[in-house]
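Just below is one structure, and these are the notes that go with it.
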Amino acid sequence: MDKNPNFIKKYLKFVGSKENFVAKEAKCDVCGSYDNKVIREKISWNNDRFGILPVCCCNVCGFIFQKYKFNKRFYQLFYSEYYRKIIFNDIIPSSTFIKDQESRGKKLFQFLKKYNSKSGNMIDVGSGIGTMLKPFLKKGWNCEGNDPDFHFVNYGKYKLKLPVECLQAEDMQIKKNYYDLIIIMGSLEHCYDPNKVLSKCEKSSKKNALLVLEARGDPQSNSRNYFNHNHHRYFSKNSLELIMIKHGWMPILTTSYPITGPTRKGGIYCIGRYTGKKISAKSFRSLILSGKKESFDTVDFRFKYHDYTDSKK
Ligand SMILES: [Zn+2]
């Protein structure tokens, strides 16, 4: 029997899936709760196409995520096949994109200088083609990158000779006590299991290693366009800090300042240092309950504001 609601069937047809993947209700990636409230039902499936794929807000911590989740293989297929074709309609990166990635890497390198005085081992999780690594490579960093986007990784690896591998971040190898710097620039929103990814990063980090997280953050336009099907979750400054703390990092800077330059409008960043020790589940929960959370109304206001101002244009 097909357990999927009708909108999921429509969605699978839209992405061109030949298999009938079953969608299940997801739990909050930050606090683990299933207690949530739908914040928007209809979202963007593509630039000019909208459809139902509910996004909800956690009633415990205020984190926003897609209410339904497919299995890991669906996302593997999604990013290796459907994603490029339906979203970008291309499988080769444009020269503008490549240049932008490199320039973002340069700006990030400059920004991080004050936190990391010497070069070491780094990884870019969700690196795409991997050009953000170029400025670090030039300065003597030992770099690696990974991404599930087969076409982009192959371009980076074989055309540009960059040290990138095609894999889902959940499957990356743990290198104990190895990295001095881990960057995840807008990929935690797309991966299947951000906790598994961060847990692997945590096990691979040296004490005091830096973690840089970038997320889409602040909405720039109405919610119908902000929420789209390839973002499985949406971080705020508060939830970026929470997920870092959960995995043993101490946030030292959380900002909307464009640390990778002006090309990603609305980006937010959180930089943290690895404490060497994971917080207990009990202490993490107490932290949230003591007030490090956002209410549905606070979160909804950010979207309502843009929906209102957009409707007056
Ligand atoms: Zn939560």
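Ordering of the structure tokens sets the chain letters (A, B, ...), residue numbers begin anew at 1 in every chain, and ligands are numbered from 1 in the order given.
Inspection of the environment of ligand 1, which uses only C-alpha atoms and all ligand atoms and a cut-off of 8 Å, identifies the neighbouring residues as A:Lys27, A:Cys28, A:Asp29, A:Val30, A:Cys31, A:Gly32, A:Ser33, A:Tyr34, A:Cys57, A:Cys58, A:Asn59, A:Val60, A:Cys61, A:Gly62, A:Phe63.
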| field | Expected answer as a PyMOL selection string: strand (DSSP E) residues in stretch 44-103 of chain A | value | chain A and resi 44-46+49-58+64-66+68-69
Output N, CA and C atoms for every residue in the selection just made, as a PDB file, in the first residue's frame.
ATOM      1  N   SER A  44       8.615  26.768  -2.530  1.00  0.00           N
ATOM      2  CA  SER A  44       9.119  26.750  -3.906  1.00  0.00           C
ATOM      3  C   SER A  44       9.711  25.374  -4.249  1.00  0.00           C
ATOM      4  N   TRP A  45       9.245  24.817  -5.343  1.00  0.00           N
ATOM      5  CA  TRP A  45       9.809  23.544  -5.825  1.00  0.00           C
ATOM      6  C   TRP A  45      10.865  23.831  -6.893  1.00  0.00           C
ATOM      7  N   ASN A  46      10.796  25.027  -7.403  1.00  0.00           N
ATOM      8  CA  ASN A  46      11.722  25.439  -8.447  1.00  0.00           C
ATOM      9  C   ASN A  46      11.554  26.951  -8.596  1.00  0.00           C
ATOM     10  N   ARG A  49       7.887  27.402  -9.801  1.00  0.00           N
ATOM     11  CA  ARG A  49       6.883  26.398  -9.470  1.00  0.00           C
ATOM     12  C   ARG A  49       6.777  26.231  -7.945  1.00  0.00           C
ATOM     13  N   PHE A  50       5.541  26.257  -7.449  1.00  0.00           N
ATOM     14  CA  PHE A  50       5.326  26.119  -6.008  1.00  0.00           C
ATOM     15  C   PHE A  50       4.453  24.899  -5.737  1.00  0.00           C
ATOM     16  N   GLY A  51       4.696  24.260  -4.611  1.00  0.00           N
ATOM     17  CA  GLY A  51       3.894  23.087  -4.279  1.00  0.00           C
ATOM     18  C   GLY A  51       3.932  22.822  -2.791  1.00  0.00           C
ATOM     19  N   ILE A  52       3.109  21.858  -2.366  1.00  0.00           N
ATOM     20  CA  ILE A  52       3.058  21.567  -0.932  1.00  0.00           C
ATOM     21  C   ILE A  52       4.237  20.676  -0.525  1.00  0.00           C
ATOM     22  N   LEU A  53       4.963  21.114   0.470  1.00  0.00           N
ATOM     23  CA  LEU A  53       6.047  20.345   1.106  1.00  0.00           C
ATOM     24  C   LEU A  53       6.276  21.060   2.448  1.00  0.00           C
ATOM     25  N   PRO A  54       5.463  20.688   3.468  1.00  0.00           N
ATOM     26  CA  PRO A  54       5.404  21.506   4.684  1.00  0.00           C
ATOM     27  C   PRO A  54       6.743  21.689   5.406  1.00  0.00           C
ATOM     28  N   VAL A  55       6.926  22.923   5.916  1.00  0.00           N
ATOM     29  CA  VAL A  55       8.091  23.270   6.727  1.00  0.00           C
ATOM     30  C   VAL A  55       7.545  23.579   8.126  1.00  0.00           C
ATOM     31  N   CYS A  56       8.202  23.025   9.167  1.00  0.00           N
ATOM     32  CA  CYS A  56       7.658  23.229  10.506  1.00  0.00           C
ATOM     33  C   CYS A  56       8.677  23.859  11.442  1.00  0.00           C
ATOM     34  N   CYS A  57       8.177  24.334  12.568  1.00  0.00           N
ATOM     35  CA  CYS A  57       9.016  24.965  13.587  1.00  0.00           C
ATOM     36  C   CYS A  57       8.923  24.117  14.850  1.00  0.00           C
ATOM     37  N   CYS A  58      10.069  23.757  15.411  1.00  0.00           N
ATOM     38  CA  CYS A  58      10.105  22.920  16.616  1.00  0.00           C
ATOM     39  C   CYS A  58       9.505  23.698  17.800  1.00  0.00           C
ATOM     40  N   ILE A  64      13.772  25.268  12.437  1.00  0.00           N
ATOM     41  CA  ILE A  64      12.852  25.107  11.306  1.00  0.00           C
ATOM     42  C   ILE A  64      13.369  24.026  10.360  1.00  0.00           C
ATOM     43  N   PHE A  65      12.480  23.122   9.985  1.00  0.00           N
ATOM     44  CA  PHE A  65      12.915  22.032   9.092  1.00  0.00           C
ATOM     45  C   PHE A  65      11.741  21.466   8.300  1.00  0.00           C
ATOM     46  N   GLN A  66      12.064  20.713   7.247  1.00  0.00           N
ATOM     47  CA  GLN A  66      11.010  20.068   6.445  1.00  0.00           C
ATOM     48  C   GLN A  66      10.357  18.988   7.297  1.00  0.00           C
ATOM     49  N   TYR A  68       8.652  16.431   6.490  1.00  0.00           N
ATOM     50  CA  TYR A  68       8.773  15.050   5.998  1.00  0.00           C
ATOM     51  C   TYR A  68      10.177  14.786   5.478  1.00  0.00           C
ATOM     52  N   LYS A  69      10.612  13.552   5.703  1.00  0.00           N
ATOM     53  CA  LYS A  69      11.965  13.191   5.306  1.00  0.00           C
ATOM     54  C   LYS A  69      11.940  11.856   4.564  1.00  0.00           C
TER      55      LYS A  69
END
| query | Smallest atom-to-atom distance to A:Lys207: which of A:Ile243, A:Ile174, A:Ile268, A:Met250, using only C-alpha atoms? | reply |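 Checking each of A:Ile243, A:Ile174, A:Ile268, A:Met250 against A:Lys207, counting only C-alpha atoms, the winner is A:Met250.
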| said: Here is a test: counting only C-alpha atoms, which residue of A:Ser205, A:Glu189, A:Trp249, A:Cys270 is nearest to A:Lys237? | reply: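 Among the listed residues, the smallest separation from A:Lys237 belongs to A:Cys270.
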| message | So that I can check the secondary structure, give me every residue of stretch 131-167 of chain A assigned helix (DSSP H, G or I) by backbone DSSP, as JSON, numbers by chain. | response | {"A": [131, 132, 133, 134, 135, 136, 137, 138, 150, 151, 152, 153, 154, 155, 156, 157, 158, 159]}
